[in-house]
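Report on one structure; see the data block that follows.
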Amino acid sequence: MKYNQMKAMMAIAKASLSSIFRSPSAVIFSFLFPIIFILVFGFLSSSSPVIKIVFDPSSSNNNELYQQLIQKKSLKIIVSTREKALEELSRGHITAIISIKKLKGVDYPKYNVQLTTSSAAADRIGLLQSLIQQAIVELNQTHLPQQPTYATVSSQVIPGRVYRTIDFILPGQLGFSLLSAGVFGVAFIFFNLRQTLVLKRFFATPIKRTYIVFGEGLGRIMFQMITAVVILTFGHFAFQFTLINGWITFLELMALSLIGLIIFMGFGFVVSGLATSESTIPPFANLVTLPQFLLAGTFFPIENFPNWLQPLCNLLPLTHLNQAMRNVAFEGAHLYDCLPQLKVLLIWGVVVYAVAIKVFKWE
């Protein structure tokens, strides 16, 4: 009777999945830690967010008020066209479009500050108005102690979707969970299989080596996909994490999770091949995971980092997975809209698995 390679592979996958669920550390790191982070950031107050603004191209910038505003450390100036700025405003990505207009026919006030804001940025509008009023008061005290005011402020509010903290944090936390599982999980599994001579015992059976790797990898993938379902479901129902197109968005996030996990598992194979003992796995694995944990926009936008550091952030695979997930979840993008991010992930996958094939050891 012909040996059934697929049946043997599925048996390995089932045994691998069962062993993962019996490992307290795997369950804690994959389920408990992400949920703790979601709880922490879900309850965080966003009373002091970064205030991103765009100056309208028609705004008068040759005045002291403009100079006062651009020196405010709480404000981050974004350069954009008005059309693009309105789109970003409706999604809550920026707080306001500011236009400083010079008033004619009167000495004072000299200017009117026109604010175009969005209901999506309701939590930041008050702070922005306070900063503008503070700048005007400072100019009044310096130049116009007896005059009414240097400038007035008017505002217009357009409809928009609220961009919550959880909408940024959850995709980053899910991405990092996938990265950690792919690197640490695969590295430890295959090193232990070699060390305990389980792989050598597999060689005594008719199953081919390729199916051994696929079977173990499939077990890891099934476990982590269950984790992704738990994280997304918990975030959506507990903290209203945005799934803009409902089930379609959920399925596309699961597809991105699968793509990211497969690529990150390649790093795990590399670490497993390079490690000479179990104690050397964590240092190698942390070289892969820690920079991405800190620099890939997991908890903070990479725009908050210094300009010289941002190109490095944009090289990391987790950065592009996080961006794709956020675009799908909140922006309503689909997988074909994420081709720029997917191309970078594909390049990383080709490179990483090429290295993994070179360094992977069976014994």
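By convention here, the chains of the structure tokens are called A, B, ... in the order presented, each chain's residues are numbered starting at 1, and ligands are numbered starting at 1 in the order presented.
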Item to check | DSSP strand (DSSP E) residues within range 58-217 of chain A, listed as a PyMOL selection string | outcome: chain A and resi 75-77+96-102+111-118+151-158
Any chance you can output those residues with C-alpha atoms as a PDB file, in the first residue's frame?
```
ATOM      1  CA  LEU A  75       1.738  70.774  16.963  1.00  0.00           C
ATOM      2  CA  LYS A  76       2.950  68.589  14.108  1.00  0.00           C
ATOM      3  CA  ILE A  77       2.731  70.289  10.723  1.00  0.00           C
ATOM      4  CA  ALA A  96      -7.623  70.596  11.499  1.00  0.00           C
ATOM      5  CA  ILE A  97      -6.870  72.511   8.321  1.00  0.00           C
ATOM      6  CA  ILE A  98      -5.783  76.020   9.273  1.00  0.00           C
ATOM      7  CA  SER A  99      -6.080  79.053   7.035  1.00  0.00           C
ATOM      8  CA  ILE A 100      -4.799  82.432   8.277  1.00  0.00           C
ATOM      9  CA  LYS A 101      -6.565  85.191   6.311  1.00  0.00           C
ATOM     10  CA  LYS A 102      -5.515  88.837   6.388  1.00  0.00           C
ATOM     11  CA  TYR A 111      -6.091  88.283  10.784  1.00  0.00           C
ATOM     12  CA  ASN A 112      -8.818  85.699  11.011  1.00  0.00           C
ATOM     13  CA  VAL A 113      -7.808  82.115  11.714  1.00  0.00           C
ATOM     14  CA  GLN A 114     -10.210  79.783   9.907  1.00  0.00           C
ATOM     15  CA  LEU A 115     -10.272  76.235  11.282  1.00  0.00           C
ATOM     16  CA  THR A 116     -11.755  73.358   9.312  1.00  0.00           C
ATOM     17  CA  THR A 117     -12.139  70.475  11.766  1.00  0.00           C
ATOM     18  CA  SER A 118     -13.889  67.130  11.875  1.00  0.00           C
ATOM     19  CA  ALA A 151      -6.512  87.866  15.359  1.00  0.00           C
ATOM     20  CA  THR A 152      -9.891  86.202  15.646  1.00  0.00           C
ATOM     21  CA  VAL A 153     -10.751  82.512  15.292  1.00  0.00           C
ATOM     22  CA  SER A 154     -13.643  80.905  13.410  1.00  0.00           C
ATOM     23  CA  SER A 155     -14.289  77.219  12.801  1.00  0.00           C
ATOM     24  CA  GLN A 156     -16.190  74.860  10.556  1.00  0.00           C
ATOM     25  CA  VAL A 157     -16.861  71.212  11.479  1.00  0.00           C
ATOM     26  CA  ILE A 158     -17.283  68.490   8.847  1.00  0.00           C
TER      27      ILE A 158
END
```
Item to check | Members of range 185-236 of chain A assigned alpha helix (DSSP H) by DSSP, as a ChimeraX atom specification | outcome: /A:186-195,198-203,209-236
Item to check | Interatomic distance (Å, one decimal) between CA of Val288 in chain A and CA of Phe267 in chain A | outcome: 7.6 Å
Report the closest atom pair, with its distance in Å rounded to one decimal, for each residue of range 127-240 of chain A that has an atom no farther than 12 Å from range 54-70 of chain A; count only C-alpha atoms, sort by chain and then rising residue number, and write it as JSON lines.
```
{"residue": "A:Leu128", "atom": "CA", "partner": "A:Leu69", "partner_atom": "CA", "distance": 10.2}
{"residue": "A:Gln129", "atom": "CA", "partner": "A:Leu69", "partner_atom": "CA", "distance": 11.3}
{"residue": "A:Ser130", "atom": "CA", "partner": "A:Leu69", "partner_atom": "CA", "distance": 11.5}
{"residue": "A:Leu131", "atom": "CA", "partner": "A:Leu69", "partner_atom": "CA", "distance": 7.9}
{"residue": "A:Ile132", "atom": "CA", "partner": "A:Leu69", "partner_atom": "CA", "distance": 7.1}
{"residue": "A:Gln133", "atom": "CA", "partner": "A:Leu69", "partner_atom": "CA", "distance": 10.2}
{"residue": "A:Gln134", "atom": "CA", "partner": "A:Leu69", "partner_atom": "CA", "distance": 9.6}
{"residue": "A:Ala135", "atom": "CA", "partner": "A:Gln68", "partner_atom": "CA", "distance": 6.1}
{"residue": "A:Ile136", "atom": "CA", "partner": "A:Leu65", "partner_atom": "CA", "distance": 6.9}
{"residue": "A:Val137", "atom": "CA", "partner": "A:Leu65", "partner_atom": "CA", "distance": 10.3}
{"residue": "A:Glu138", "atom": "CA", "partner": "A:Gln68", "partner_atom": "CA", "distance": 8.9}
{"residue": "A:Leu139", "atom": "CA", "partner": "A:Leu65", "partner_atom": "CA", "distance": 7.5}
{"residue": "A:Asn140", "atom": "CA", "partner": "A:Leu65", "partner_atom": "CA", "distance": 10.5}
{"residue": "A:Thr142", "atom": "CA", "partner": "A:Glu64", "partner_atom": "CA", "distance": 11.2}
{"residue": "A:His143", "atom": "CA", "partner": "A:Glu64", "partner_atom": "CA", "distance": 10.7}
{"residue": "A:Thr149", "atom": "CA", "partner": "A:Leu65", "partner_atom": "CA", "distance": 11.9}
{"residue": "A:Tyr150", "atom": "CA", "partner": "A:Leu65", "partner_atom": "CA", "distance": 8.6}
{"residue": "A:Ala151", "atom": "CA", "partner": "A:Leu65", "partner_atom": "CA", "distance": 8.3}
{"residue": "A:Thr152", "atom": "CA", "partner": "A:Leu65", "partner_atom": "CA", "distance": 11.1}
{"residue": "A:Val153", "atom": "CA", "partner": "A:Leu65", "partner_atom": "CA", "distance": 11.9}
```
Just-selected residues, N, CA and C atoms written as a PDB file, in the first residue's frame:
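Full text of again_39.pdb as output:
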```
ATOM      1  N   LEU A 128      -6.373  72.192  20.415  1.00  0.00           N
ATOM      2  CA  LEU A 128      -5.840  73.001  19.326  1.00  0.00           C
ATOM      3  C   LEU A 128      -6.301  74.455  19.452  1.00  0.00           C
ATOM      4  N   GLN A 129      -7.581  74.663  19.739  1.00  0.00           N
ATOM      5  CA  GLN A 129      -8.085  76.027  19.895  1.00  0.00           C
ATOM      6  C   GLN A 129      -7.397  76.746  21.056  1.00  0.00           C
ATOM      7  N   SER A 130      -7.115  75.997  22.120  1.00  0.00           N
ATOM      8  CA  SER A 130      -6.398  76.593  23.256  1.00  0.00           C
ATOM      9  C   SER A 130      -4.997  77.031  22.857  1.00  0.00           C
ATOM     10  N   LEU A 131      -4.312  76.235  22.061  1.00  0.00           N
ATOM     11  CA  LEU A 131      -2.965  76.581  21.611  1.00  0.00           C
ATOM     12  C   LEU A 131      -2.990  77.819  20.721  1.00  0.00           C
ATOM     13  N   ILE A 132      -3.992  77.913  19.848  1.00  0.00           N
ATOM     14  CA  ILE A 132      -4.098  79.082  18.974  1.00  0.00           C
ATOM     15  C   ILE A 132      -4.414  80.331  19.786  1.00  0.00           C
ATOM     16  N   GLN A 133      -5.343  80.211  20.735  1.00  0.00           N
ATOM     17  CA  GLN A 133      -5.681  81.352  21.574  1.00  0.00           C
ATOM     18  C   GLN A 133      -4.483  81.794  22.416  1.00  0.00           C
ATOM     19  N   GLN A 134      -3.700  80.828  22.885  1.00  0.00           N
ATOM     20  CA  GLN A 134      -2.505  81.157  23.656  1.00  0.00           C
ATOM     21  C   GLN A 134      -1.521  81.954  22.803  1.00  0.00           C
ATOM     22  N   ALA A 135      -1.347  81.552  21.546  1.00  0.00           N
ATOM     23  CA  ALA A 135      -0.447  82.284  20.648  1.00  0.00           C
ATOM     24  C   ALA A 135      -0.951  83.705  20.403  1.00  0.00           C
ATOM     25  N   ILE A 136      -2.270  83.863  20.246  1.00  0.00           N
ATOM     26  CA  ILE A 136      -2.843  85.195  20.031  1.00  0.00           C
ATOM     27  C   ILE A 136      -2.662  86.067  21.266  1.00  0.00           C
ATOM     28  N   VAL A 137      -2.896  85.495  22.466  1.00  0.00           N
ATOM     29  CA  VAL A 137      -2.714  86.253  23.713  1.00  0.00           C
ATOM     30  C   VAL A 137      -1.262  86.714  23.856  1.00  0.00           C
ATOM     31  N   GLU A 138      -0.321  85.858  23.511  1.00  0.00           N
ATOM     32  CA  GLU A 138       1.093  86.240  23.595  1.00  0.00           C
ATOM     33  C   GLU A 138       1.404  87.400  22.662  1.00  0.00           C
ATOM     34  N   LEU A 139       0.821  87.403  21.467  1.00  0.00           N
ATOM     35  CA  LEU A 139       1.027  88.505  20.532  1.00  0.00           C
ATOM     36  C   LEU A 139       0.347  89.783  21.029  1.00  0.00           C
ATOM     37  N   ASN A 140      -0.832  89.616  21.625  1.00  0.00           N
ATOM     38  CA  ASN A 140      -1.525  90.775  22.180  1.00  0.00           C
ATOM     39  C   ASN A 140      -0.698  91.438  23.277  1.00  0.00           C
ATOM     40  N   THR A 142       2.467  91.359  23.682  1.00  0.00           N
ATOM     41  CA  THR A 142       3.721  91.921  23.173  1.00  0.00           C
ATOM     42  C   THR A 142       3.495  93.196  22.371  1.00  0.00           C
ATOM     43  N   HIS A 143       2.460  93.187  21.513  1.00  0.00           N
ATOM     44  CA  HIS A 143       2.299  94.285  20.562  1.00  0.00           C
ATOM     45  C   HIS A 143       1.071  95.151  20.800  1.00  0.00           C
ATOM     46  N   THR A 149      -7.592  92.758  19.758  1.00  0.00           N
ATOM     47  CA  THR A 149      -6.907  91.468  19.573  1.00  0.00           C
ATOM     48  C   THR A 149      -6.158  91.481  18.258  1.00  0.00           C
ATOM     49  N   TYR A 150      -5.111  90.642  18.208  1.00  0.00           N
ATOM     50  CA  TYR A 150      -4.290  90.548  16.994  1.00  0.00           C
ATOM     51  C   TYR A 150      -5.021  89.752  15.907  1.00  0.00           C
ATOM     52  N   ALA A 151      -5.811  88.717  16.323  1.00  0.00           N
ATOM     53  CA  ALA A 151      -6.512  87.866  15.359  1.00  0.00           C
ATOM     54  C   ALA A 151      -7.753  87.272  16.009  1.00  0.00           C
ATOM     55  N   THR A 152      -8.696  86.910  15.181  1.00  0.00           N
ATOM     56  CA  THR A 152      -9.891  86.202  15.646  1.00  0.00           C
ATOM     57  C   THR A 152      -9.852  84.772  15.109  1.00  0.00           C
ATOM     58  N   VAL A 153     -10.714  83.924  15.686  1.00  0.00           N
ATOM     59  CA  VAL A 153     -10.751  82.512  15.292  1.00  0.00           C
ATOM     60  C   VAL A 153     -12.180  82.125  14.940  1.00  0.00           C
TER      61      VAL A 153
END
```
Checklist entry - When distances are computed from only C-alpha atoms, which of A:Phe284, A:Cys338, A:Met6, A:Arg82 shows the smallest separation from Tyr211 in chain A? => result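 Selected residue with least distance to Tyr211 in chain A: A:Met6.
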Next on the checklist: Taking 2 positions as the minimum chain separation for residues in the same chain, which residues sit within 10 Å of Asn314 in chain A when counting only C-alpha atoms? Answer as a list of chain:residue names.
Outcome noted: A:Leu295, A:Ala296, A:Gly297, A:Ile302, A:Leu309, A:Gln310, A:Pro311, A:Leu312, A:Leu316, A:Pro317, A:Leu318, A:Thr319, A:His320, A:Val344
For N, CA and C atoms, I'd like the residues from the last selection saved as a short mmCIF file (atom, residue, chain, number, x, y, z; two decimals), in the first residue's frame.
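Printed below is part_9.cif as written:
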```cif
data_model
loop_
_atom_site.label_atom_id
_atom_site.label_comp_id
_atom_site.auth_asym_id
_atom_site.auth_seq_id
_atom_site.Cartn_x
_atom_site.Cartn_y
_atom_site.Cartn_z
N LEU A 295 10.27 49.87 16.69
CA LEU A 295 10.39 50.80 15.58
C LEU A 295 9.36 50.62 14.47
N ALA A 296 8.54 49.58 14.54
CA ALA A 296 7.64 49.27 13.42
C ALA A 296 6.25 49.87 13.58
N GLY A 297 6.10 50.86 14.45
CA GLY A 297 4.79 51.48 14.61
C GLY A 297 3.81 50.61 15.37
N ILE A 302 5.27 55.87 13.26
CA ILE A 302 6.70 56.05 12.99
C ILE A 302 7.02 57.50 12.65
N LEU A 309 15.65 58.34 11.51
CA LEU A 309 15.33 56.97 11.90
C LEU A 309 14.19 56.37 11.07
N GLN A 310 13.36 57.22 10.48
CA GLN A 310 12.17 56.73 9.77
C GLN A 310 12.47 55.83 8.57
N PRO A 311 13.53 56.09 7.78
CA PRO A 311 13.84 55.14 6.69
C PRO A 311 14.12 53.73 7.19
N LEU A 312 14.79 53.61 8.34
CA LEU A 312 15.02 52.29 8.92
C LEU A 312 13.71 51.64 9.32
N LEU A 316 11.42 47.66 7.83
CA LEU A 316 11.05 46.50 8.64
C LEU A 316 9.75 45.85 8.13
N PRO A 317 9.70 44.53 8.06
CA PRO A 317 8.48 43.87 7.55
C PRO A 317 7.26 44.12 8.42
N LEU A 318 7.45 44.19 9.75
CA LEU A 318 6.31 44.42 10.63
C LEU A 318 5.67 45.78 10.38
N THR A 319 6.48 46.78 10.00
CA THR A 319 5.94 48.11 9.67
C THR A 319 4.91 48.00 8.57
N HIS A 320 5.23 47.25 7.53
CA HIS A 320 4.33 47.15 6.37
C HIS A 320 3.11 46.28 6.67
N VAL A 344 6.67 44.50 -0.35
CA VAL A 344 7.80 44.53 0.59
C VAL A 344 7.84 43.24 1.41
#
```
Next on the checklist: Excluding Arg194 in chain A and its own-chain neighbours fewer than 6 positions away, which residues fall within 12 Å of it when counting only C-alpha atoms? Please give them as a VMD selection string.
Outcome noted: chain A and resid 187 to 188 200 to 203 272 to 273 275 to 278 360 to 363
Checklist entry - Between CA of Gly349 in chain A and CA of Val271 in chain A, what is the spacing in Å? => result 14.7 Å
Checklist entry - Can you tell me, as an NGL selection string, what residues are no more than 9 Å from Ile263 in chain A when counting only C-alpha atoms, ignoring any on the same chain fewer than 6 positions away? => result :A and (179 or 182 or 317 or 345-346 or 348-350 or 352-353)
Take the residues that were just selected and, keeping C-alpha atoms, output them as an mmCIF file, in the first residue's frame.
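The resulting file, out.cif, is reproduced below:
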```cif
data_model
loop_
_atom_site.group_PDB
_atom_site.id
_atom_site.type_symbol
_atom_site.label_atom_id
_atom_site.label_comp_id
_atom_site.auth_asym_id
_atom_site.auth_seq_id
_atom_site.Cartn_x
_atom_site.Cartn_y
_atom_site.Cartn_z
ATOM 1 C CA LEU A 179 6.074 38.060 14.786
ATOM 2 C CA GLY A 182 6.686 32.963 14.179
ATOM 3 C CA PRO A 317 8.481 43.868 7.546
ATOM 4 C CA LEU A 345 6.611 41.539 2.624
ATOM 5 C CA LEU A 346 7.123 39.271 -0.407
ATOM 6 C CA TRP A 348 11.376 39.845 2.852
ATOM 7 C CA GLY A 349 9.846 36.373 2.490
ATOM 8 C CA VAL A 350 12.053 35.452 -0.476
ATOM 9 C CA VAL A 352 14.443 35.126 4.632
ATOM 10 C CA TYR A 353 13.529 31.694 3.268
#
```
Checklist entry - Which value, in Å to one decimal, gives the distance between CA of Phe214 in chain A and CA of Gly175 in chain A? => result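 Result for CA of Phe214 in chain A versus CA of Gly175 in chain A: 22.2 Å, one decimal.
Look at Gly215 in chain A: the protein and nucleic acid residues within 12 Å of it, using only C-alpha atoms and passing over chain neighbours fewer than 6 places away, are Gln5, Met6, Lys7, Ala8, Met9, Met10, Ala11, Ile12, Ala13, Lys14, Ala15, Ser16, Leu17, Phe190, Phe202, Ile207, Lys208, Arg209, Ile221 and Met222 of chain A.
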